[in-house]
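Student: Next comes the structure file work18.txt, holding compact mmCIF, C-alpha atoms.
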# COMPACT_ATOMS: atom_id res chain seq x y z
CA MET K 1 -14.28 9.00 -25.96
CA ALA K 2 -14.42 5.56 -24.34
CA TYR K 3 -10.93 6.15 -22.94
CA ILE K 4 -11.95 9.53 -21.45
CA LEU K 5 -15.03 8.03 -19.82
CA SER K 6 -12.99 5.19 -18.33
CA VAL K 7 -10.52 7.69 -16.85
CA PHE K 8 -13.38 9.65 -15.30
CA ALA K 9 -14.82 6.43 -13.87
CA VAL K 10 -11.48 5.54 -12.23
CA ARG K 11 -11.18 9.04 -10.78
CA ASN K 12 -14.66 8.81 -9.33
CA LEU K 13 -13.79 5.48 -7.66
CA LEU K 14 -10.58 6.89 -6.21
CA VAL K 15 -12.39 9.90 -4.74
CA LEU K 16 -15.05 7.66 -3.24
CA SER K 17 -12.42 5.32 -1.75
CA LEU K 18 -10.54 8.27 -0.23
CA ALA K 19 -13.71 9.63 1.34
CA LEU K 20 -14.65 6.29 2.88
CA ASN K 21 -11.19 5.68 4.36
CA VAL K 22 -10.82 9.15 5.89
CA SER K 23 -14.35 8.94 7.29
CA LEU K 24 -13.48 5.61 8.97
CA ILE K 25 -10.33 7.08 10.56
CA LEU K 26 -12.21 10.08 11.89
CA ARG K 27 -14.90 7.88 13.40
CA VAL K 28 -12.22 5.81 15.23
CA LEU K 29 -10.64 9.01 16.64
CA LEU K 30 -14.03 10.30 17.67
CA LEU K 31 -14.86 7.07 19.47
CA HIS K 32 -11.52 7.18 21.30
CA ASP K 33 -12.11 10.75 22.52
CA SER K 34 -15.63 10.02 23.63
CA GLN K 35 -14.40 7.08 25.72
CA ASP K 36 -11.98 9.45 27.49
CA GLY K 37 -14.86 11.77 28.31
CA SER K 38 -13.36 14.53 26.10
CA PHE K 39 -15.28 16.59 23.53
CA ASN K 40 -12.12 18.03 21.95
CA GLY K 41 -11.80 15.12 19.59
CA PHE K 42 -15.34 15.73 18.32
CA PHE K 43 -14.59 19.42 17.68
CA PHE K 44 -11.38 18.81 15.74
CA ALA K 45 -12.79 15.81 13.92
CA GLU K 46 -15.73 17.92 12.81
CA GLN K 47 -13.38 20.61 11.50
CA LYS K 48 -11.24 18.05 9.64
CA GLU K 49 -14.30 16.36 8.22
CA GLU K 50 -15.63 19.70 6.97
CA ALA K 51 -12.28 20.52 5.32
CA LEU K 52 -12.22 17.08 3.74
CA ALA K 53 -15.75 17.53 2.45
CA ASN K 54 -14.72 20.79 0.76
CA LYS K 55 -11.75 19.08 -0.83
CA ILE K 56 -13.91 16.21 -2.07
CA THR K 57 -16.35 18.75 -3.53
CA ARG K 58 -13.50 20.39 -5.45
CA LEU K 59 -12.27 17.03 -6.71
CA SER K 60 -15.75 15.99 -7.71
CA SER K 61 -16.25 19.23 -9.64
CA SER K 62 -13.18 18.44 -11.71
CA VAL K 63 -14.94 15.37 -13.10
CA ALA K 64 -18.25 17.16 -13.63
CA PRO K 65 -18.08 16.83 -17.44
CA SER K 66 -18.49 13.07 -17.05
CA SER K 67 -21.63 13.52 -14.91
CA SER K 68 -23.06 16.19 -17.25
CA LEU K 69 -22.50 13.97 -20.24
CA THR K 70 -24.37 11.13 -18.55
CA MET K 71 -27.29 13.41 -17.67
CA ALA K 72 -27.51 14.73 -21.22
CA GLN K 73 -27.58 11.22 -22.64
CA GLY K 74 -30.25 10.12 -20.16
CA ASP K 75 -32.29 13.26 -20.85
CA GLU K 76 -32.58 12.40 -24.53
CA ASP K 77 -33.79 8.87 -23.73
CA ARG K 78 -36.41 9.69 -21.12
CA VAL K 79 -40.16 9.78 -21.71
CA ILE K 80 -41.67 13.26 -22.14
CA ASN K 81 -45.28 13.34 -20.95
CA LEU K 82 -47.23 16.19 -22.56
CA ASP K 83 -50.62 14.48 -22.41
CA HIS K 84 -51.99 16.62 -19.56
CA GLY K 85 -52.18 20.40 -19.38
CA ASP K 86 -50.36 20.62 -16.07
CA PRO K 87 -49.33 24.32 -15.93
CA THR K 88 -45.94 23.93 -14.22
CA MET K 89 -44.48 26.46 -16.67
CA TYR K 90 -45.59 29.17 -14.26
CA GLU K 91 -43.58 27.90 -11.28
CA SER K 92 -40.51 30.00 -12.11
CA TYR K 93 -42.50 33.25 -12.09
CA TRP K 94 -44.14 32.59 -8.75
CA GLN K 95 -40.85 31.50 -7.23
CA LYS K 96 -39.39 34.90 -8.14
CA LYS K 97 -42.31 36.65 -6.47
CA GLY K 98 -41.23 35.16 -3.15
CA ASP K 99 -43.57 35.91 -0.25
CA GLU K 100 -45.85 38.29 -2.18
CA THR K 101 -48.48 35.56 -2.47
CA THR K 102 -47.82 33.85 0.85
CA VAL K 103 -50.94 33.38 2.98
CA VAL K 104 -50.89 32.43 6.69
CA ILE K 105 -54.14 30.94 7.99
CA PRO K 106 -54.50 30.46 11.77
CA GLY K 107 -55.90 27.13 12.87
CA TRP K 108 -59.10 28.67 14.22
CA GLN K 109 -59.99 30.56 11.05
CA PHE K 110 -62.51 29.46 8.36
CA MET K 111 -64.04 26.70 10.47
CA SER K 112 -67.63 27.42 9.46
CA TYR K 113 -69.29 26.11 6.31
CA PHE K 114 -70.58 29.62 5.62
CA SER K 115 -68.71 32.55 4.11
CA ASP K 116 -71.66 34.92 3.81
CA ALA K 117 -75.09 33.47 4.48
CA THR K 118 -76.78 36.51 2.92
CA ARG K 119 -75.27 35.90 -0.52
CA LEU K 120 -76.75 33.69 -3.22
CA CYS K 121 -73.54 31.65 -3.30
CA TRP K 122 -73.17 31.42 0.47
CA PHE K 123 -69.78 29.65 0.42
CA LEU K 124 -68.10 32.30 -1.80
CA GLU K 125 -65.44 34.24 0.12
CA PRO K 126 -66.09 38.02 -0.24
CA GLU K 127 -62.43 38.84 -0.90
CA PHE K 128 -62.22 36.23 -3.65
CA ALA K 129 -65.35 37.65 -5.29
CA LYS K 130 -63.83 41.14 -5.09
CA GLN K 131 -60.57 40.07 -6.73
CA ILE K 132 -62.39 38.15 -9.49
CA VAL K 133 -64.29 41.28 -10.50
CA ARG K 134 -61.16 43.41 -10.26
CA LEU K 135 -59.03 41.11 -12.43
CA HIS K 136 -61.67 40.87 -15.16
CA ASN K 137 -61.97 44.66 -15.17
CA VAL K 138 -58.18 45.07 -15.35
CA VAL K 139 -57.77 42.59 -18.22
CA GLY K 140 -61.05 43.47 -19.93
CA ASN K 141 -61.88 39.88 -20.88
CA ALA K 142 -65.36 39.50 -19.33
CA VAL K 143 -68.38 41.55 -18.32
CA THR K 144 -68.97 41.28 -14.57
CA GLU K 145 -71.72 43.83 -14.11
CA ASN K 146 -75.11 42.33 -13.27
CA ARG K 147 -73.57 38.88 -12.95
CA HIS K 148 -73.73 36.37 -10.11
CA ILE K 149 -70.44 34.69 -9.15
CA VAL K 150 -70.55 30.99 -8.34
CA VAL K 151 -67.33 29.41 -7.08
CA GLY K 152 -66.53 25.76 -7.71
CA THR K 153 -63.85 23.13 -7.23
CA GLY K 154 -62.31 23.87 -10.61
CA SER K 155 -64.28 24.46 -13.78
CA THR K 156 -65.10 20.74 -13.97
CA GLN K 157 -67.48 20.94 -11.01
CA LEU K 158 -68.91 24.18 -12.39
CA PHE K 159 -69.56 22.48 -15.73
CA GLN K 160 -71.49 19.73 -13.95
CA ALA K 161 -73.37 22.33 -11.89
CA ALA K 162 -74.29 24.19 -15.08
CA LEU K 163 -75.63 21.01 -16.72
CA TYR K 164 -77.73 20.36 -13.61
CA ALA K 165 -79.05 23.92 -13.53
CA LEU K 166 -79.85 24.19 -17.25
CA SER K 167 -81.46 20.77 -17.79
CA PRO K 168 -85.29 20.79 -17.90
CA CYS K 169 -86.81 18.55 -15.24
CA ALA K 170 -90.10 17.90 -17.02
CA GLU K 171 -88.68 16.40 -20.23
CA ALA K 172 -89.40 12.74 -21.02
CA GLU K 173 -85.77 12.11 -22.00
CA PRO K 174 -82.40 13.65 -21.12
CA ILE K 175 -81.44 16.88 -22.87
CA SER K 176 -78.69 16.51 -25.50
CA VAL K 177 -75.27 18.02 -24.74
CA VAL K 178 -73.08 18.82 -27.77
CA SER K 179 -69.86 20.60 -28.71
CA ALA K 180 -68.18 21.17 -32.07
CA ALA K 181 -65.31 18.77 -32.79
CA PRO K 182 -62.52 18.85 -31.98
CA TYR K 183 -64.01 19.28 -28.52
CA TYR K 184 -62.44 19.06 -25.07
CA SER K 185 -61.79 15.35 -24.49
CA SER K 186 -63.30 15.36 -20.98
CA TYR K 187 -66.70 16.73 -22.01
CA PRO K 188 -68.16 13.29 -22.96
CA LEU K 189 -66.69 11.66 -19.85
CA ILE K 190 -67.94 14.33 -17.45
CA THR K 191 -71.38 14.49 -19.05
CA ASP K 192 -72.04 10.75 -18.95
CA CYS K 193 -70.12 9.69 -15.83
CA LEU K 194 -73.22 9.80 -13.59
CA LYS K 195 -75.60 8.34 -16.22
CA SER K 196 -77.97 11.18 -15.38
CA ARG K 197 -81.58 11.18 -16.52
CA LEU K 198 -81.33 14.94 -16.95
CA TYR K 199 -78.72 15.15 -19.71
CA LYS K 200 -76.57 12.98 -22.01
CA TRP K 201 -73.68 13.45 -24.41
CA ALA K 202 -74.81 13.71 -28.05
CA GLY K 203 -71.48 14.29 -29.81
CA ASP K 204 -70.33 16.75 -32.45
CA ALA K 205 -72.44 19.92 -32.58
CA ARG K 206 -71.82 20.25 -36.34
CA SER K 207 -73.71 17.04 -37.08
CA PHE K 208 -76.43 17.54 -34.45
CA SER K 209 -79.89 17.96 -36.02
CA LYS K 210 -82.32 16.74 -33.38
CA ASN K 211 -85.38 18.88 -32.71
CA GLY K 212 -86.05 20.20 -29.23
CA PRO K 213 -83.90 21.69 -26.48
CA TYR K 214 -80.15 21.10 -26.30
CA ILE K 215 -77.08 22.42 -24.46
CA GLU K 216 -74.11 23.50 -26.56
CA LEU K 217 -70.65 23.87 -25.04
CA VAL K 218 -68.60 26.62 -26.64
CA THR K 219 -64.92 26.63 -25.65
CA SER K 220 -63.12 29.76 -26.80
CA PRO K 221 -60.21 29.71 -27.34
CA ASN K 222 -60.86 26.07 -28.06
CA ASN K 223 -59.20 23.16 -26.34
CA PRO K 224 -57.51 21.44 -28.21
CA ASP K 225 -56.92 23.51 -31.37
CA GLY K 226 -56.76 27.06 -29.96
CA PHE K 227 -59.20 28.72 -32.37
CA ALA K 228 -61.85 31.23 -31.29
CA ARG K 229 -65.29 29.60 -31.28
CA ARG K 230 -68.94 30.53 -31.66
CA SER K 231 -72.02 28.34 -31.36
CA VAL K 232 -72.65 26.25 -34.49
CA VAL K 233 -76.03 24.59 -33.91
CA ASN K 234 -78.78 26.51 -35.68
CA GLY K 235 -81.62 25.77 -33.27
CA SER K 236 -84.15 27.94 -31.50
CA GLU K 237 -84.15 25.95 -28.25
CA GLY K 238 -80.42 25.89 -27.58
CA ILE K 239 -78.81 26.82 -24.26
CA LEU K 240 -75.16 27.88 -24.33
CA ILE K 241 -72.33 27.35 -21.85
CA HIS K 242 -69.18 29.33 -22.67
CA ASP K 243 -65.97 27.80 -21.33
CA LEU K 244 -63.47 30.68 -21.35
CA ALA K 245 -60.66 29.02 -19.39
CA TYR K 246 -58.09 30.19 -21.98
CA TYR K 247 -59.42 33.69 -22.70
CA TRP K 248 -56.42 35.36 -21.09
CA PRO K 249 -53.76 37.56 -22.75
CA GLN K 250 -50.91 35.05 -22.57
CA TYR K 251 -52.88 32.72 -24.87
CA THR K 252 -54.88 34.99 -27.17
CA PRO K 253 -55.44 38.68 -27.93
CA ILE K 254 -58.18 40.17 -25.75
CA SER K 255 -60.31 41.98 -28.33
CA SER K 256 -63.36 42.75 -26.16
CA PRO K 257 -65.01 41.68 -22.90
CA ALA K 258 -66.89 38.38 -23.24
CA ASN K 259 -70.58 38.97 -22.64
CA TYR K 260 -72.51 35.69 -22.38
CA ASP K 261 -75.18 34.31 -20.10
CA LEU K 262 -72.96 31.67 -18.47
CA MET K 263 -69.16 31.90 -18.55
CA LEU K 264 -66.69 29.51 -16.89
CA PHE K 265 -63.16 30.42 -15.74
CA THR K 266 -60.49 28.58 -13.75
CA VAL K 267 -57.43 29.51 -11.71
CA SER K 268 -55.44 26.60 -13.14
CA LYS K 269 -55.10 28.09 -16.63
CA SER K 270 -55.28 31.78 -15.77
CA THR K 271 -52.56 31.85 -13.08
CA GLY K 272 -51.12 28.31 -13.23
CA HIS K 273 -52.31 27.27 -9.76
CA ALA K 274 -54.00 24.01 -10.76
CA GLY K 275 -53.50 22.52 -7.31
CA MET K 276 -55.83 25.07 -5.71
CA ARG K 277 -58.77 23.43 -7.55
CA ILE K 278 -60.68 26.69 -7.85
CA GLY K 279 -62.86 28.02 -10.65
CA TRP K 280 -65.70 30.47 -10.99
CA ALA K 281 -68.74 31.08 -13.14
CA LEU K 282 -70.21 34.43 -14.15
CA VAL K 283 -73.94 33.82 -14.43
CA LYS K 284 -76.53 36.28 -15.68
CA ASP K 285 -79.71 34.50 -14.64
CA GLU K 286 -80.34 34.39 -10.89
CA ASP K 287 -82.31 31.13 -10.97
CA VAL K 288 -79.52 29.37 -12.89
CA ALA K 289 -76.92 30.68 -10.42
CA ARG K 290 -79.07 29.50 -7.51
CA LYS K 291 -79.42 26.00 -9.00
CA MET K 292 -75.68 25.81 -9.64
CA THR K 293 -75.06 26.78 -6.03
CA LYS K 294 -77.49 24.09 -4.90
CA TYR K 295 -75.68 21.45 -6.94
CA ILE K 296 -72.32 22.33 -5.36
CA GLU K 297 -73.99 22.34 -1.93
CA ILE K 298 -75.27 18.80 -2.54
CA ASN K 299 -72.03 17.66 -4.15
CA THR K 300 -69.37 19.02 -1.77
CA ILE K 301 -71.19 21.32 0.72
CA GLY K 302 -69.36 24.30 -0.66
CA VAL K 303 -65.77 24.98 -1.73
CA SER K 304 -62.57 25.17 0.32
CA LYS K 305 -62.19 28.55 1.99
CA ASP K 306 -58.44 28.07 2.31
CA SER K 307 -58.14 27.72 -1.48
CA GLN K 308 -60.36 30.76 -2.05
CA VAL K 309 -58.28 32.93 0.27
CA ARG K 310 -55.08 31.84 -1.42
CA ALA K 311 -56.58 32.38 -4.88
CA ALA K 312 -57.75 35.86 -3.86
CA LYS K 313 -54.19 36.74 -2.87
CA VAL K 314 -52.79 35.53 -6.18
CA LEU K 315 -55.38 37.43 -8.22
CA LYS K 316 -54.68 40.59 -6.19
CA VAL K 317 -50.94 40.36 -6.89
CA ILE K 318 -51.61 39.92 -10.61
CA SER K 319 -53.92 42.95 -10.69
CA ASP K 320 -51.51 45.06 -8.62
CA ASN K 321 -48.58 44.25 -10.91
CA SER K 322 -50.66 44.86 -14.04
CA GLU K 323 -51.69 48.32 -12.86
CA GLY K 324 -48.49 49.29 -11.06
CA PRO K 325 -45.30 51.03 -12.27
CA ASN K 326 -43.52 47.71 -12.97
CA GLU K 327 -45.90 46.47 -15.65
CA GLY K 328 -42.99 44.92 -17.56
CA ASP K 329 -42.61 42.43 -14.72
CA SER K 330 -46.32 41.62 -14.59
CA PHE K 331 -47.60 38.07 -14.70
CA PHE K 332 -49.23 38.46 -18.09
CA GLU K 333 -46.12 40.04 -19.66
CA PHE K 334 -43.99 37.16 -18.36
CA SER K 335 -46.51 34.56 -19.54
CA TYR K 336 -46.90 36.19 -22.95
CA ARG K 337 -43.11 36.18 -23.53
CA VAL K 338 -42.76 32.53 -22.51
CA MET K 339 -45.65 31.41 -24.73
CA ALA K 340 -44.32 33.44 -27.68
CA LYS K 341 -40.89 31.83 -27.31
CA ARG K 342 -42.35 28.34 -27.04
CA TRP K 343 -44.53 28.71 -30.12
CA LYS K 344 -41.56 29.99 -32.09
CA GLN K 345 -39.51 26.97 -30.99
CA LEU K 346 -42.34 24.60 -31.89
CA ARG K 347 -42.80 26.03 -35.38
CA GLU K 348 -39.07 25.79 -36.02
CA ALA K 349 -39.02 22.16 -34.83
CA VAL K 350 -42.02 21.26 -37.03
CA GLN K 351 -40.34 22.85 -40.04
CA GLN K 352 -37.04 21.04 -39.41
CA SER K 353 -38.72 17.66 -39.07
CA GLY K 354 -40.99 17.89 -42.09
CA LEU K 355 -43.31 15.17 -40.76
CA PHE K 356 -45.77 17.41 -38.94
CA SER K 357 -47.95 20.47 -39.41
CA VAL K 358 -49.41 22.94 -36.93
CA SER K 359 -52.16 25.54 -37.25
CA ASP K 360 -51.59 29.17 -38.21
CA PHE K 361 -53.65 31.88 -36.54
CA PRO K 362 -54.62 35.35 -37.77
CA PRO K 363 -53.01 38.15 -35.71
CA GLN K 364 -55.21 40.51 -33.74
CA LEU K 365 -54.83 43.58 -31.57
CA CYS K 366 -54.84 42.79 -27.85
CA MET K 367 -56.49 45.65 -26.01
CA PHE K 368 -54.87 44.66 -22.72
CA LEU K 369 -51.24 44.22 -23.87
CA ASN K 370 -51.67 46.92 -26.56
CA ARG K 371 -49.91 44.90 -29.25
CA VAL K 372 -50.81 42.83 -32.28
CA PHE K 373 -49.95 39.13 -32.10
CA GLU K 374 -51.10 35.71 -33.19
CA PRO K 375 -52.83 33.48 -30.65
CA GLN K 376 -50.38 31.22 -28.82
CA PRO K 377 -52.62 28.57 -27.26
CA ALA K 378 -51.95 26.48 -24.17
CA PHE K 379 -52.06 23.37 -26.38
CA ALA K 380 -50.56 22.65 -29.79
CA TRP K 381 -52.83 20.77 -32.21
CA ILE K 382 -50.36 18.84 -34.35
CA LYS K 383 -51.06 16.73 -37.41
CA CYS K 384 -48.87 13.86 -38.58
CA GLU K 385 -48.49 14.15 -42.34
CA GLY K 386 -47.93 11.45 -44.95
CA ASP K 387 -48.55 7.78 -44.19
CA ILE K 388 -48.69 8.17 -40.41
CA GLU K 389 -52.30 7.31 -39.48
CA ASP K 390 -52.00 7.15 -35.68
CA CYS K 391 -49.99 10.16 -34.54
CA GLU K 392 -50.33 9.36 -30.83
CA SER K 393 -48.85 5.89 -31.27
CA PHE K 394 -46.14 7.19 -33.58
CA LEU K 395 -44.95 9.78 -31.06
CA ARG K 396 -45.23 7.28 -28.22
CA GLY K 397 -42.64 5.27 -30.11
CA LYS K 398 -40.41 8.34 -29.89
CA LYS K 399 -41.04 8.53 -26.13
CA ILE K 400 -43.36 11.53 -26.40
CA LEU K 401 -46.75 11.03 -24.73
CA THR K 402 -49.64 13.01 -26.23
CA ARG K 403 -53.44 12.79 -26.49
CA GLY K 404 -54.73 11.54 -29.85
CA GLY K 405 -57.46 13.00 -32.02
CA LYS K 406 -59.92 10.17 -31.34
CA HIS K 407 -60.39 11.53 -27.80
CA PHE K 408 -61.50 14.86 -29.30
CA GLY K 409 -63.92 13.40 -31.83
CA VAL K 410 -61.64 13.67 -34.90
CA SER K 411 -58.99 11.75 -36.89
CA PRO K 412 -56.15 9.94 -35.07
CA LYS K 413 -53.74 11.77 -37.37
CA TYR K 414 -53.97 14.64 -34.86
CA VAL K 415 -52.55 14.94 -31.37
CA ARG K 416 -52.83 17.53 -28.62
CA ILE K 417 -49.58 18.55 -26.94
CA SER K 418 -49.36 20.64 -23.77
CA MET K 419 -47.33 23.84 -24.09
CA LEU K 420 -47.35 24.46 -20.33
CA ASP K 421 -44.77 22.01 -18.96
CA ARG K 422 -41.52 23.02 -17.25
CA ASP K 423 -38.76 24.52 -19.41
CA LYS K 424 -36.54 21.45 -19.30
CA ASN K 425 -39.27 19.09 -20.49
CA TYR K 426 -40.48 21.44 -23.17
CA GLU K 427 -37.02 22.13 -24.57
CA THR K 428 -36.25 18.42 -24.64
CA PHE K 429 -39.53 17.87 -26.49
CA VAL K 430 -38.92 20.45 -29.25
CA ARG K 431 -35.33 19.27 -29.67
CA ARG K 432 -36.49 15.68 -30.06
CA LEU K 433 -39.38 16.64 -32.35
CA SER K 434 -37.04 18.51 -34.70
CA THR K 435 -34.93 15.38 -35.25
CA ILE K 436 -37.80 13.01 -36.11
CA ARG K 437 -37.60 12.04 -39.76
CA SER K 438 -39.58 8.78 -39.90
Just give me the structure as structure tokens.
Tutor:
Amino acid sequence: MAYILSVFAVRNLLVLSLALNVSLILRVLLLHDSQDGSFNGFFFAEQKEEALANKITRLSSSVAPSSSLTMAQGDEDRVINLDHGDPTMYESYWQKKGDETTVVIPGWQFMSYFSDATRLCWFLEPEFAKQIVRLHNVVGNAVTENRHIVVGTGSTQLFQAALYALSPCAEAEPISVVSAAPYYSSYPLITDCLKSRLYKWAGDARSFSKNGPYIELVTSPNNPDGFARRSVVNGSEGILIHDLAYYWPQYTPISSPANYDLMLFTVSKSTGHAGMRIGWALVKDEDVARKMTKYIEINTIGVSKDSQVRAAKVLKVISDNSEGPNEGDSFFEFSYRVMAKRWKQLREAVQQSGLFSVSDFPPQLCMFLNRVFEPQPAFAWIKCEGDIEDCESFLRGKKILTRGGKHFGVSPKYVRISMLDRDKNYETFVRRLSTIRS
């Protein structure tokens, strides 16, 4: 093998030397012709240089195995970062759709702060609101009738707006905010980042026993473990926020439309367009919706119209494809197939390694896709078995970056791993995971 690699290295050097020498000769000829005032030399030199380039390409392709071998070796040694849920998995689908979701916005358009001054949420673009309602009706994952739509810069801003709107102003101390562990790792950070006198993080909902009003965050399917959730605090003064970012058919069977007082959704996990920074809330109570709107007005004076228009186009394409004759090529069919394949690969890798375990989920009928399947969450909640106490550190030693259980309020034997990265990264991850023995 060492001999073969050395031969390839010599061939590469010879090709490079040939290219440099011929290029130098052509440049001398070109300079000579230009001094004579003739452009013929440039024309013929260009033709010769193009022919030479084609020849060099053919020569280079003959030593491609050496380059491929180097790439493969480097690929196995590189760091795989699956800490964040960056949904780049969806890029390939949207690339195939071409210009279907392209939006052209003239420079004079959307210059005003206002979208519709007569609406409760005055910065909500009418077309975006229309497509939100349509998509929920097509998928059947949320009740939209008699609901106010509040748009936000991602579900994070909407979560903050909801805390602001739901917190009592007359209380002597901040209202407690809780969520059942393992909870979304950003909930404590978002809740306490402003040190508000209105609300404060109070930890795991399962151990919460304080009397008085409280806000409980219910994420279903849950981030990080993927299970369906209900409220767990048995209190009469509780106020619920339902984060339904992952209640879409590529992640979990849609059994019935969600019907709660305050529901949060986001474009980033539903369509993969995290960079748009767009989310929406379906709010039953008008006063709560008005206060949420006021918070966003104070915080950012509304939400980008450009992002709303682009999001509306994407949602329309998804609805059109889901209802049209080519349903097999719909976004949700594509996403379902990719997630099913990835979860199969992960379970096989976990079994081959023997050092890890991953949750099993009961299958259910999905009313939208009309098939029975197990949930296939956007994140894998993996446990390191045996003597491994810190799973995050252990996998970091294998050049796999994850988010440890301590960030989610549970044991460090657990880690959250994103299932939404690009194919190359994900396949490298499962291949590496399957070979870990100690």
Student: Expressed in Å to a single decimal, how great is the separation between CA of Lys344 in chain K and CA of Tyr90 in chain K?
Tutor: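 Separating CA of Lys344 in chain K from CA of Tyr90 in chain K is a distance of 18.3 Å.
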Student: Which is closest to Phe265 in chain K among K:Arg206, K:Arg230, K:His242, K:Lys200, if we use only C-alpha atoms?
Tutor: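 The answer is K:His242, which sits nearest to Phe265 in chain K.
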Student: Return as a Markdown table the residues of range 236-302 of chain K lying at most 6 Å from range 151-173 of chain K, together with the closest atom-to-atom pair for each and the distance in Å to one decimal, counting all atoms listed in the file, with rows in chain order and ascending residue number.
Tutor:
| residue | atom | partner | partner_atom | distance |
| --- | --- | --- | --- | --- |
| K:Thr266 | CA | K:Ser155 | CA | 5.6 |
| K:Arg277 | CA | K:Gly154 | CA | 4.7 |
| K:Ile278 | CA | K:Gly154 | CA | 4.3 |
| K:Gly279 | CA | K:Gly154 | CA | 4.2 |
| K:Trp280 | CA | K:Val151 | CA | 4.4 |
| K:Val288 | CA | K:Ala165 | CA | 5.5 |
| K:Lys291 | CA | K:Ala165 | CA | 5.0 |
| K:Met292 | CA | K:Ala161 | CA | 4.7 |
| K:Tyr295 | CA | K:Ala161 | CA | 5.5 |
Student: Just the number, please: distance in Å from CA of Val317 in chain K to CA of Tyr426 in chain K, one decimal.
Tutor: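 These two atoms are separated by 27.1 Å.
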Student: Go ahead and fit an axis-aligned box to every listed atom of range 106-109 of chain K plus 3 Å each side, and pass me the centre and edge lengths in Å, one decimal, as AutoDock Vina command-line options.
Tutor:
--center_x -57.2 --center_y 28.8 --center_z 12.6 --size_x 11.5 --size_y 9.4 --size_z 9.2
Student: Please provide as a ChimeraX atom specification all residues within 7 Å of Ala380 in chain K, with the sequence filter that same-chain residues fewer than 4 positions apart are discarded (counting all atoms listed in the file).
Tutor: /K:225,416-419
Student: Using Å and a single decimal, report how far CA of Val314 in chain K sits from CA of Thr118 in chain K.
Tutor: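 Interatomic distance, CA of Thr118 in chain K to CA of Val314 in chain K: 25.7 Å.
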Student: I want to know what sits within 10 Å of range 305-309 of chain K, based on all atoms listed in the file, with residues of the same chain fewer than 4 positions away left out; could you give that as a list in words?
Tutor: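 Close residues of range 305-309 of chain K: Val103, Val104, Ile105, Gln109, Phe110, Met111, Ser112, Tyr113, Phe114, Ser115, Phe123, Leu124, Glu125, Pro126, Glu127, Phe128, Ala129, Val151, Gly152, Thr153, Gly275, Met276, Arg277, Ile278, Gly279, Lys313 and Val314 of chain K.
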Student: Based on the selection just made, write C-alpha atoms of those residues as a PDB file, keeping the file's coordinate frame.
Tutor:
ATOM      1  CA  VAL K 103     -50.940  33.380   2.980  1.00  0.00           C
ATOM      2  CA  VAL K 104     -50.890  32.430   6.690  1.00  0.00           C
ATOM      3  CA  ILE K 105     -54.140  30.940   7.990  1.00  0.00           C
ATOM      4  CA  GLN K 109     -59.990  30.560  11.050  1.00  0.00           C
ATOM      5  CA  PHE K 110     -62.510  29.460   8.360  1.00  0.00           C
ATOM      6  CA  MET K 111     -64.040  26.700  10.470  1.00  0.00           C
ATOM      7  CA  SER K 112     -67.630  27.420   9.460  1.00  0.00           C
ATOM      8  CA  TYR K 113     -69.290  26.110   6.310  1.00  0.00           C
ATOM      9  CA  PHE K 114     -70.580  29.620   5.620  1.00  0.00           C
ATOM     10  CA  SER K 115     -68.710  32.550   4.110  1.00  0.00           C
ATOM     11  CA  PHE K 123     -69.780  29.650   0.420  1.00  0.00           C
ATOM     12  CA  LEU K 124     -68.100  32.300  -1.800  1.00  0.00           C
ATOM     13  CA  GLU K 125     -65.440  34.240   0.120  1.00  0.00           C
ATOM     14  CA  PRO K 126     -66.090  38.020  -0.240  1.00  0.00           C
ATOM     15  CA  GLU K 127     -62.430  38.840  -0.900  1.00  0.00           C
ATOM     16  CA  PHE K 128     -62.220  36.230  -3.650  1.00  0.00           C
ATOM     17  CA  ALA K 129     -65.350  37.650  -5.290  1.00  0.00           C
ATOM     18  CA  VAL K 151     -67.330  29.410  -7.080  1.00  0.00           C
ATOM     19  CA  GLY K 152     -66.530  25.760  -7.710  1.00  0.00           C
ATOM     20  CA  THR K 153     -63.850  23.130  -7.230  1.00  0.00           C
ATOM     21  CA  GLY K 275     -53.500  22.520  -7.310  1.00  0.00           C
ATOM     22  CA  MET K 276     -55.830  25.070  -5.710  1.00  0.00           C
ATOM     23  CA  ARG K 277     -58.770  23.430  -7.550  1.00  0.00           C
ATOM     24  CA  ILE K 278     -60.680  26.690  -7.850  1.00  0.00           C
ATOM     25  CA  GLY K 279     -62.860  28.020 -10.650  1.00  0.00           C
ATOM     26  CA  LYS K 313     -54.190  36.740  -2.870  1.00  0.00           C
ATOM     27  CA  VAL K 314     -52.790  35.530  -6.180  1.00  0.00           C
TER      28      VAL K 314
END
Student: For Asp83 in chain K, which of K:Lys316, K:Arg403, K:Lys294, K:Arg147 is the closest residue, counting only C-alpha atoms?
Tutor: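 Of the candidates, the smallest distance to Asp83 in chain K is held by K:Arg403.
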Student: Skip Gly140 in chain K itself and residues of its chain fewer than 3 positions away, then list as a PyMOL selection string all residues within 6 Å of it, counting all atoms listed in the file.
Tutor: chain K and resi 136-137+257
Student: Kindly export the residues of the current selection with C-alpha atoms, as a JSON list (two decimals), in the frame of the given file.
Tutor:
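Result file selection-v7.json:
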[["chain", "number", "residue", "atom", "x", "y", "z"],
["K", 136, "HIS", "CA", -61.67, 40.87, -15.16],
["K", 137, "ASN", "CA", -61.97, 44.66, -15.17],
["K", 257, "PRO", "CA", -65.01, 41.68, -22.90]]
Student: Need to verify the contact set: Val350 in chain K, 12 Å, all atoms listed in the file, exclusion of same-chain residues closer than 3 positions in sequence. Can you return it as a list in words?
Tutor: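 My list of contacting residues is Trp343, Lys344, Gln345, Leu346, Arg347, Ser353, Gly354, Leu355, Phe356, Ser357, Val358, Ser359, Ala380, Trp381, Ile382, Lys383, Cys384, Glu385, Phe429, Val430, Arg431, Arg432, Leu433, Ser434, Thr435, Ile436 and Arg437 of chain K.
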